[in-house]
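Student: See run-v9.txt below, with compact mmCIF, C-alpha atoms and all ligand atoms.
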```
# COMPACT_ATOMS: atom_id res chain seq x y z
CA MET A 29 -62.46 -66.76 -35.59
CA GLU A 30 -60.20 -63.95 -36.74
CA ASN A 31 -60.48 -63.84 -40.52
CA ASN A 32 -56.72 -64.18 -40.96
CA GLU A 33 -56.56 -67.31 -38.81
CA ILE A 34 -55.08 -70.31 -40.64
CA LEU A 35 -54.79 -73.09 -38.05
CA ARG A 36 -56.56 -73.47 -34.74
CA VAL A 37 -56.10 -76.42 -32.38
CA GLU A 38 -58.51 -76.64 -29.48
CA ASN A 39 -58.31 -78.75 -26.34
CA LEU A 40 -55.60 -81.15 -27.41
CA THR A 41 -54.93 -83.86 -24.87
CA ILE A 42 -52.50 -86.63 -25.80
CA LYS A 43 -52.36 -89.81 -23.75
CA THR A 44 -50.18 -92.86 -24.14
CA LYS A 45 -51.07 -96.15 -22.46
CA THR A 46 -49.20 -95.19 -19.33
CA PHE A 47 -49.20 -91.37 -19.04
CA GLU A 48 -50.73 -88.10 -20.16
CA LEU A 49 -48.24 -86.39 -22.45
CA LEU A 50 -50.16 -83.18 -23.09
CA HIS A 51 -53.12 -81.76 -21.21
CA ASP A 52 -55.93 -79.67 -22.73
CA SER A 53 -53.77 -77.41 -24.90
CA SER A 54 -54.93 -74.90 -27.51
CA PHE A 55 -53.12 -72.66 -29.95
CA SER A 56 -53.54 -70.94 -33.27
CA THR A 57 -51.59 -69.48 -36.17
CA ASN A 58 -52.46 -66.56 -38.42
CA LYS A 59 -51.65 -65.56 -41.96
CA SER A 60 -48.11 -64.09 -42.26
CA GLN A 61 -47.10 -65.43 -38.86
CA ILE A 62 -44.19 -67.61 -37.82
CA VAL A 63 -45.32 -69.47 -34.73
CA LEU A 64 -42.76 -71.25 -32.62
CA ILE A 65 -43.33 -74.24 -30.35
CA GLN A 66 -40.54 -74.99 -27.95
CA GLY A 67 -40.02 -77.43 -25.13
CA ALA A 68 -37.58 -79.93 -23.73
CA ASN A 69 -36.71 -83.20 -25.44
CA GLY A 70 -39.59 -85.61 -24.98
CA SER A 71 -42.06 -82.89 -23.93
CA GLY A 72 -44.41 -83.75 -26.80
CA LYS A 73 -43.69 -81.25 -29.62
CA THR A 74 -43.53 -83.83 -32.41
CA SER A 75 -46.56 -85.59 -30.96
CA ILE A 76 -48.57 -82.34 -31.30
CA LEU A 77 -47.73 -82.06 -35.01
CA LYS A 78 -48.51 -85.72 -35.62
CA ALA A 79 -51.86 -85.28 -33.86
CA ILE A 80 -52.71 -82.30 -36.09
CA MET A 81 -51.87 -84.34 -39.19
CA GLY A 82 -53.66 -87.44 -37.92
CA PHE A 83 -50.39 -89.39 -38.13
CA HIS A 84 -50.22 -90.35 -34.44
CA GLU A 85 -49.80 -93.99 -33.53
CA ARG A 86 -52.94 -96.00 -32.77
CA LYS A 87 -51.80 -96.64 -29.20
CA VAL A 88 -51.74 -92.87 -28.55
CA SER A 89 -55.15 -91.42 -27.77
CA ILE A 90 -56.22 -87.91 -28.72
CA ASP A 91 -59.17 -86.76 -26.63
CA SER A 92 -61.85 -84.30 -27.77
CA CYS A 93 -59.43 -82.23 -29.84
CA LYS A 94 -60.67 -80.01 -32.64
CA VAL A 95 -58.41 -78.85 -35.47
CA PHE A 96 -59.64 -76.06 -37.72
CA TYR A 97 -57.98 -75.11 -41.00
CA LYS A 98 -59.16 -71.69 -42.20
CA GLY A 99 -62.25 -72.10 -40.03
CA GLU A 100 -63.14 -75.58 -41.29
CA LEU A 101 -63.16 -78.45 -38.81
CA ILE A 102 -60.85 -81.26 -39.94
CA ASN A 103 -62.42 -84.70 -39.72
CA HIS A 104 -61.93 -88.07 -41.41
CA ASN A 105 -63.85 -86.87 -44.49
CA ASN A 106 -61.59 -83.94 -45.30
CA ILE A 107 -58.24 -84.87 -43.71
CA ASN A 108 -56.73 -86.09 -47.00
CA GLU A 109 -57.65 -82.82 -48.68
CA PHE A 110 -56.07 -80.96 -45.71
CA ARG A 111 -52.85 -83.02 -45.98
CA LYS A 112 -52.69 -82.27 -49.69
CA LYS A 113 -52.99 -78.52 -49.15
CA ILE A 114 -50.42 -78.02 -46.42
CA ALA A 115 -46.67 -78.53 -46.39
CA TYR A 116 -45.49 -80.71 -43.51
CA VAL A 117 -41.92 -81.72 -42.72
CA GLU A 118 -41.54 -84.48 -40.16
CA GLN A 119 -38.66 -84.63 -37.71
CA GLU A 120 -37.36 -87.83 -39.31
CA ASP A 121 -36.54 -87.90 -43.01
CA PHE A 122 -38.32 -90.53 -45.05
CA PHE A 123 -38.33 -90.80 -48.82
CA THR A 124 -40.59 -92.51 -51.31
CA ALA A 125 -38.61 -91.79 -54.47
CA ARG A 126 -35.22 -92.62 -56.00
CA THR A 127 -33.62 -89.18 -56.10
CA PRO A 128 -34.08 -85.78 -54.39
CA TYR A 129 -35.28 -84.33 -57.70
CA GLU A 130 -37.93 -87.02 -58.07
CA TYR A 131 -39.01 -86.64 -54.43
CA VAL A 132 -39.44 -82.86 -54.73
CA LYS A 133 -41.34 -83.27 -58.00
CA GLN A 134 -43.56 -85.92 -56.44
CA SER A 135 -44.39 -83.53 -53.59
CA LEU A 136 -45.31 -80.79 -56.06
CA LEU A 137 -47.57 -83.14 -58.03
CA LEU A 138 -49.15 -84.57 -54.88
CA SER A 139 -50.04 -81.05 -53.72
CA ARG A 140 -52.20 -80.79 -56.84
CA ASN A 141 -53.59 -84.31 -56.96
CA PRO A 142 -53.34 -86.89 -54.18
CA ASN A 143 -53.89 -89.88 -56.48
CA GLU A 144 -50.62 -91.81 -56.27
CA LYS A 145 -51.23 -93.81 -59.48
CA ILE A 146 -51.60 -90.60 -61.49
CA ILE A 147 -48.49 -89.20 -59.82
CA ARG A 148 -46.40 -92.20 -60.88
CA SER A 149 -47.26 -91.67 -64.55
CA LYS A 150 -46.86 -87.88 -64.31
CA LEU A 151 -43.37 -88.19 -62.80
CA LYS A 152 -42.13 -89.13 -66.29
CA GLU A 153 -43.83 -86.14 -67.92
CA THR A 154 -41.83 -82.96 -68.38
CA VAL A 155 -43.61 -79.66 -67.85
CA ALA A 156 -41.12 -76.84 -68.48
CA SER A 157 -42.49 -74.50 -65.81
CA ASP A 158 -42.39 -77.25 -63.15
CA GLU A 159 -38.86 -78.32 -64.11
CA GLU A 160 -37.69 -74.73 -63.88
CA LYS A 161 -39.36 -74.23 -60.49
CA ILE A 162 -37.71 -77.38 -59.08
CA VAL A 163 -34.24 -76.63 -60.48
CA ASN A 164 -34.41 -73.04 -59.19
CA LEU A 165 -35.23 -74.31 -55.71
CA PHE A 166 -32.20 -76.64 -55.69
CA LYS A 167 -30.09 -73.71 -56.92
CA HIS A 168 -31.46 -71.44 -54.21
CA PHE A 169 -30.18 -73.83 -51.54
CA HIS A 170 -26.92 -74.53 -53.46
CA LYS A 171 -27.86 -78.19 -53.75
CA GLU A 172 -27.82 -78.79 -57.53
CA SER A 173 -25.12 -81.41 -56.98
CA ILE A 174 -27.50 -83.76 -55.12
CA MET A 175 -30.48 -83.43 -57.48
CA PHE A 176 -29.96 -86.70 -59.30
CA LYS A 177 -28.01 -88.65 -56.68
CA ARG A 178 -29.73 -91.81 -55.56
CA PHE A 179 -30.94 -91.91 -51.95
CA SER A 180 -29.24 -95.30 -51.87
CA THR A 181 -25.84 -93.59 -52.52
CA PRO A 182 -26.39 -92.80 -49.56
CA LEU A 183 -26.85 -89.06 -49.03
CA SER A 184 -25.63 -87.31 -45.88
CA GLY A 185 -27.92 -86.40 -42.95
CA GLY A 186 -27.93 -82.71 -43.90
CA GLU A 187 -28.55 -83.49 -47.59
CA LEU A 188 -31.55 -85.60 -46.62
CA ARG A 189 -32.84 -82.83 -44.33
CA ILE A 190 -32.66 -80.12 -46.98
CA THR A 191 -34.37 -82.47 -49.46
CA SER A 192 -37.31 -82.88 -47.04
CA LEU A 193 -37.51 -79.10 -46.68
CA MET A 194 -37.37 -78.48 -50.43
CA ALA A 195 -40.20 -81.00 -50.91
CA ALA A 196 -42.30 -78.81 -48.58
CA PHE A 197 -41.12 -75.47 -49.98
CA ILE A 198 -41.98 -76.46 -53.56
CA ARG A 199 -45.63 -76.52 -52.45
CA ASP A 200 -47.56 -73.32 -52.87
CA SER A 201 -49.26 -73.51 -49.49
CA ASP A 202 -50.67 -71.13 -46.92
CA LEU A 203 -49.55 -73.37 -44.05
CA TYR A 204 -46.08 -74.84 -43.50
CA ILE A 205 -45.56 -77.12 -40.50
CA LEU A 206 -41.88 -77.78 -39.84
CA ASP A 207 -40.50 -80.12 -37.18
CA GLU A 208 -36.86 -79.17 -36.45
CA PRO A 209 -36.19 -77.80 -39.96
CA ILE A 210 -32.56 -76.82 -39.44
CA ASN A 211 -31.52 -79.87 -37.47
CA LYS A 212 -28.37 -81.33 -39.14
CA LEU A 213 -27.91 -78.37 -41.51
CA ASP A 214 -24.63 -76.51 -41.81
CA TYR A 215 -24.53 -72.86 -40.75
CA LYS A 216 -24.81 -71.43 -44.27
CA THR A 217 -27.69 -73.68 -45.34
CA ALA A 218 -29.53 -73.06 -42.05
CA ALA A 219 -29.28 -69.30 -42.66
CA ILE A 220 -30.77 -69.69 -46.16
CA VAL A 221 -33.60 -71.78 -44.69
CA GLY A 222 -34.26 -69.17 -41.97
CA ASN A 223 -34.51 -66.45 -44.61
CA TYR A 224 -36.70 -68.63 -46.80
CA ILE A 225 -39.12 -69.14 -43.91
CA SER A 226 -39.22 -65.37 -43.30
CA ASP A 227 -40.00 -64.84 -47.00
CA LEU A 228 -42.82 -67.40 -46.85
CA SER A 229 -44.45 -65.49 -44.00
CA ALA A 230 -43.85 -62.15 -45.76
CA ARG A 231 -45.74 -63.62 -48.74
CA GLY A 232 -48.70 -64.37 -46.43
CA ALA A 233 -48.09 -67.96 -45.36
CA SER A 234 -48.46 -69.18 -41.83
CA VAL A 235 -45.47 -71.19 -40.55
CA LEU A 236 -45.67 -73.42 -37.48
CA VAL A 237 -42.16 -74.38 -36.50
CA ILE A 238 -40.50 -76.47 -33.83
CA THR A 239 -36.85 -75.73 -33.24
CA HIS A 240 -34.23 -75.97 -30.53
CA CYS A 241 -31.98 -73.63 -32.48
CA ARG A 242 -33.44 -70.15 -32.80
CA MET A 243 -30.28 -68.74 -34.28
CA PHE A 244 -31.86 -68.19 -37.70
CA MET A 245 -35.52 -68.23 -36.78
CA LYS A 246 -37.51 -65.10 -36.20
CA SER A 247 -41.01 -65.66 -34.79
CA ASP A 248 -44.16 -63.64 -34.24
CA LYS A 249 -45.72 -65.81 -31.56
CA ALA A 250 -44.32 -68.53 -29.36
CA TYR A 251 -45.60 -71.34 -27.17
CA GLU A 252 -43.72 -73.50 -24.74
CA ILE A 253 -44.66 -76.87 -23.30
CA TYR A 254 -44.46 -76.48 -19.57
CA GLU A 255 -45.72 -79.08 -17.09
CA ASN A 256 -47.57 -81.00 -19.84
CA THR A 257 -49.43 -77.94 -21.12
CA LEU A 258 -48.76 -75.60 -23.98
CA LYS A 259 -48.42 -72.05 -22.70
CA LYS A 260 -48.30 -68.91 -24.83
CA LEU A 261 -45.18 -66.90 -24.07
CA GLU A 262 -45.75 -63.26 -23.19
CA LYS A 263 -42.51 -62.29 -24.89
CA VAL A 264 -41.57 -63.81 -28.22
CA PRO A 265 -37.97 -65.02 -27.95
CA LEU A 266 -35.58 -63.11 -30.19
CA PRO A 267 -33.50 -65.08 -32.66
CA CYS A 268 -30.25 -65.74 -30.82
CA ARG A 269 -27.35 -64.84 -33.08
CA GLN A 270 -23.77 -65.80 -32.42
N1 LIG B 301 -46.86 -94.41 -28.59
C1 LIG B 301 -46.18 -94.00 -27.54
N2 LIG B 301 -46.13 -94.74 -26.42
C2 LIG B 301 -45.42 -94.33 -25.34
N3 LIG B 301 -44.73 -93.17 -25.31
C3 LIG B 301 -44.76 -92.40 -26.40
C4 LIG B 301 -45.47 -92.76 -27.58
N4 LIG B 301 -45.30 -91.78 -28.51
C5 LIG B 301 -44.50 -90.85 -27.92
N5 LIG B 301 -44.18 -91.24 -26.68
C6 LIG B 301 -43.34 -90.51 -25.75
O1 LIG B 301 -43.80 -89.18 -25.65
C7 LIG B 301 -42.72 -88.31 -25.41
C8 LIG B 301 -42.78 -87.15 -26.38
O2 LIG B 301 -42.28 -87.51 -27.64
P1 LIG B 301 -42.11 -86.44 -28.79
O3 LIG B 301 -41.42 -87.12 -29.92
O4 LIG B 301 -43.41 -85.79 -29.08
O5 LIG B 301 -41.13 -85.38 -28.07
P2 LIG B 301 -40.44 -84.06 -28.61
O6 LIG B 301 -40.84 -82.94 -27.71
O7 LIG B 301 -40.70 -83.90 -30.07
O8 LIG B 301 -38.89 -84.37 -28.36
P3 LIG B 301 -37.55 -84.00 -29.18
O9 LIG B 301 -37.19 -82.58 -28.80
O10 LIG B 301 -36.56 -84.97 -28.70
O11 LIG B 301 -37.86 -84.15 -30.65
C9 LIG B 301 -41.45 -89.15 -25.49
O12 LIG B 301 -41.00 -89.43 -24.18
C10 LIG B 301 -41.90 -90.39 -26.21
O13 LIG B 301 -41.16 -91.51 -25.85
MG MG B 302 -39.55 -83.97 -31.72
```
In structure tokens, write the structure found in this file.
Ligand SMILES: Nc1ncnc2c1ncn2[C@@H]1O[C@H](COP(=O)(O)OP(=O)(O)OP(=O)(O)O)[C@@H](O)[C@H]1O
Ligand SMILES: [Mg+2]

Tutor:
Amino acid sequence: MENNEILRVENLTIKTKTFELLHDSSFSTNKSQIVLIQGANGSGKTSILKAIMGFHERKVSIDSCKVFYKGELINHNNINEFRKKIAYVEQEDFFTARTPYEYVKQSLLLSRNPNEKIIRSKLKETVASDEEKIVNLFKHFHKESIMFKRFSTPLSGGELRITSLMAAFIRDSDLYILDEPINKLDYKTAAIVGNYISDLSARGASVLVITHCRMFMKSDKAYEIYENTLKKLEKVPLPCRQ
């Protein structure tokens, strides 16, 4: 293992009841790297991330795959600790709080302690440094106006997307896993997100990202799903700018 390796996935095969979605695929990410996974709709990108997180459906089988986080093999004993440490944004937005502010705060607290009962009581506590960190993040993305709106309002698709991202970005993590982060975002917000991701990698984090839109996304390494296998691209695609 290279000592700056953060995530390594070995021999991932994903099968559904009727077909093999991904065959014997391996990849890794290093410190300070943005690693891109691309592929056609339905090629299995989201399924790869779910398999890493252990969130795949029961009817999907994952054969003989090994996931290492900073050299440590992830298994059922340490997977909750792994989920607590990393920042993962799913393709679909899903919220377990009343407002974006509360959801982002919950994510911050969960990254320190995964006990949900403790989190519920701590949500009412006010710690000045945390409040400042959360408010500054909303300001950074020019989203102060949605902080205390109820999800039931309802919020727009882009507002929900940026809330999911902020809940990941509030975490001080060395691994960010982002499934279509700028999907649904307006041009200006997507550009801020692209820059934010670059800053995360400049600060030493490893970012694994799936995107169809590379307009704002620089990357250091790229893989593509081709004929059911993940292949490393010889040339990293340049961000395409309009
Ligand atoms: N449990 C399952 N049973 C049957 N098929 C499944 C199951 N889970 C996923 N699939 C199929 O696997 C394929 C890959 O899905 P996945 O969501 O990983 O694709 P994707 O590459 O992320 O696509 P997109 O770019 O549209 O987000 C899809 O055709 C999906 O229908
Ligand atoms: Mg997907």

Student: As a list in words, please: the residues near Asp248 of chain A (cut-off 12 Å, all atoms listed in the file, same-chain neighbours under 3 positions excluded).

Tutor: Ser56, Thr57, Asn58, Lys59, Ser60, Gln61, Ile62, Val63, Leu64, Ile65, Ser226, Ser229, Ala230, Ser234, Val235, Leu236, Val237, Met245, Tyr251, Lys260, Leu261, Glu262, Lys263, Val264, Pro265, Leu266 and Pro267 of chain A

Student: Show me which residues line ligand MG 302 (chain B), defined as having an atom within 8 Å of a ligand atom where all atoms listed in the file count, and present them as number ranges by chain.

Tutor: A: 69-70, 72-75, 119, 207-208, 238

Student: List all protein, DNA and RNA residues that have at least one atom no more than 10 Å from any atom of ligand LIG 301 (chain B), counting all atoms listed in the file, and write them as JSON, numbers by chain.

Tutor: {"A": [42, 43, 44, 45, 46, 47, 48, 49, 50, 65, 66, 67, 68, 69, 70, 71, 72, 73, 74, 75, 76, 77, 78, 79, 84, 85, 86, 87, 88, 89, 119, 120, 207, 208, 238, 239, 240, 253]}

Student: Can you tell me, as JSON, the centre and edge lengths (Å, one decimal) of the axis-aligned box enclosing all of segment 30-37 of chain A's listed atoms after padding each side by 8 Å?

Tutor:
```
{"center_x": -57.6, "center_y": -70.1, "center_z": -36.7, "size_x": 21.7, "size_y": 28.6, "size_z": 24.6}
```

Student: In Å, with one decimal, what is the gap from atom CA of Ile225 of chain A to atom CA of Ala125 of chain A?

Tutor: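 The value is 25.0 Å.
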
Student: In Å to one decimal, how far is atom CA of Ala156 of chain A from atom CA of Ser139 of chain A?

Tutor: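 Those two atoms sit 17.8 Å apart.
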
Student: So what do you get for atom CA of Ala219 of chain A versus atom CA of Ile190 of chain A, distance-wise?

Tutor: 12.1 Å

Student: Output segment 148-163 of chain A as a PDB file, keeping the file's coordinate frame, making sure N, CA and C atoms are there.

Tutor:
```pdb
ATOM      1  N   ARG A 148     -47.456 -91.351 -60.330  1.00  0.00           N
ATOM      2  CA  ARG A 148     -46.400 -92.200 -60.880  1.00  0.00           C
ATOM      3  C   ARG A 148     -46.251 -91.996 -62.389  1.00  0.00           C
ATOM      4  N   SER A 149     -47.372 -91.873 -63.106  1.00  0.00           N
ATOM      5  CA  SER A 149     -47.260 -91.670 -64.550  1.00  0.00           C
ATOM      6  C   SER A 149     -46.789 -90.240 -64.861  1.00  0.00           C
ATOM      7  N   LYS A 150     -47.228 -89.278 -64.031  1.00  0.00           N
ATOM      8  CA  LYS A 150     -46.860 -87.880 -64.310  1.00  0.00           C
ATOM      9  C   LYS A 150     -45.395 -87.577 -63.990  1.00  0.00           C
ATOM     10  N   LEU A 151     -44.770 -88.416 -63.140  1.00  0.00           N
ATOM     11  CA  LEU A 151     -43.370 -88.190 -62.800  1.00  0.00           C
ATOM     12  C   LEU A 151     -42.480 -88.230 -64.043  1.00  0.00           C
ATOM     13  N   LYS A 152     -42.934 -89.006 -65.060  1.00  0.00           N
ATOM     14  CA  LYS A 152     -42.130 -89.130 -66.290  1.00  0.00           C
ATOM     15  C   LYS A 152     -42.389 -87.973 -67.245  1.00  0.00           C
ATOM     16  N   GLU A 153     -43.517 -87.281 -67.036  1.00  0.00           N
ATOM     17  CA  GLU A 153     -43.830 -86.140 -67.920  1.00  0.00           C
ATOM     18  C   GLU A 153     -42.937 -84.950 -67.599  1.00  0.00           C
ATOM     19  N   THR A 154     -42.640 -84.161 -68.615  1.00  0.00           N
ATOM     20  CA  THR A 154     -41.830 -82.960 -68.380  1.00  0.00           C
ATOM     21  C   THR A 154     -42.663 -81.720 -68.686  1.00  0.00           C
ATOM     22  N   VAL A 155     -42.910 -80.929 -67.656  1.00  0.00           N
ATOM     23  CA  VAL A 155     -43.610 -79.660 -67.850  1.00  0.00           C
ATOM     24  C   VAL A 155     -42.576 -78.573 -67.566  1.00  0.00           C
ATOM     25  N   ALA A 156     -42.251 -77.780 -68.585  1.00  0.00           N
ATOM     26  CA  ALA A 156     -41.120 -76.840 -68.480  1.00  0.00           C
ATOM     27  C   ALA A 156     -41.203 -75.948 -67.240  1.00  0.00           C
ATOM     28  N   SER A 157     -42.388 -75.432 -66.945  1.00  0.00           N
ATOM     29  CA  SER A 157     -42.490 -74.500 -65.810  1.00  0.00           C
ATOM     30  C   SER A 157     -42.224 -75.217 -64.478  1.00  0.00           C
ATOM     31  N   ASP A 158     -42.648 -76.478 -64.384  1.00  0.00           N
ATOM     32  CA  ASP A 158     -42.390 -77.250 -63.150  1.00  0.00           C
ATOM     33  C   ASP A 158     -40.896 -77.543 -63.020  1.00  0.00           C
ATOM     34  N   GLU A 159     -40.286 -77.977 -64.136  1.00  0.00           N
ATOM     35  CA  GLU A 159     -38.860 -78.320 -64.110  1.00  0.00           C
ATOM     36  C   GLU A 159     -38.045 -77.109 -63.656  1.00  0.00           C
ATOM     37  N   GLU A 160     -38.414 -75.951 -64.196  1.00  0.00           N
ATOM     38  CA  GLU A 160     -37.690 -74.730 -63.880  1.00  0.00           C
ATOM     39  C   GLU A 160     -37.844 -74.382 -62.393  1.00  0.00           C
ATOM     40  N   LYS A 161     -39.079 -74.545 -61.900  1.00  0.00           N
ATOM     41  CA  LYS A 161     -39.360 -74.230 -60.490  1.00  0.00           C
ATOM     42  C   LYS A 161     -38.519 -75.145 -59.567  1.00  0.00           C
ATOM     43  N   ILE A 162     -38.445 -76.419 -59.919  1.00  0.00           N
ATOM     44  CA  ILE A 162     -37.710 -77.380 -59.080  1.00  0.00           C
ATOM     45  C   ILE A 162     -36.205 -77.083 -59.127  1.00  0.00           C
ATOM     46  N   VAL A 163     -35.687 -76.896 -60.338  1.00  0.00           N
ATOM     47  CA  VAL A 163     -34.240 -76.630 -60.480  1.00  0.00           C
ATOM     48  C   VAL A 163     -33.870 -75.339 -59.749  1.00  0.00           C
TER      49      VAL A 163
END
```
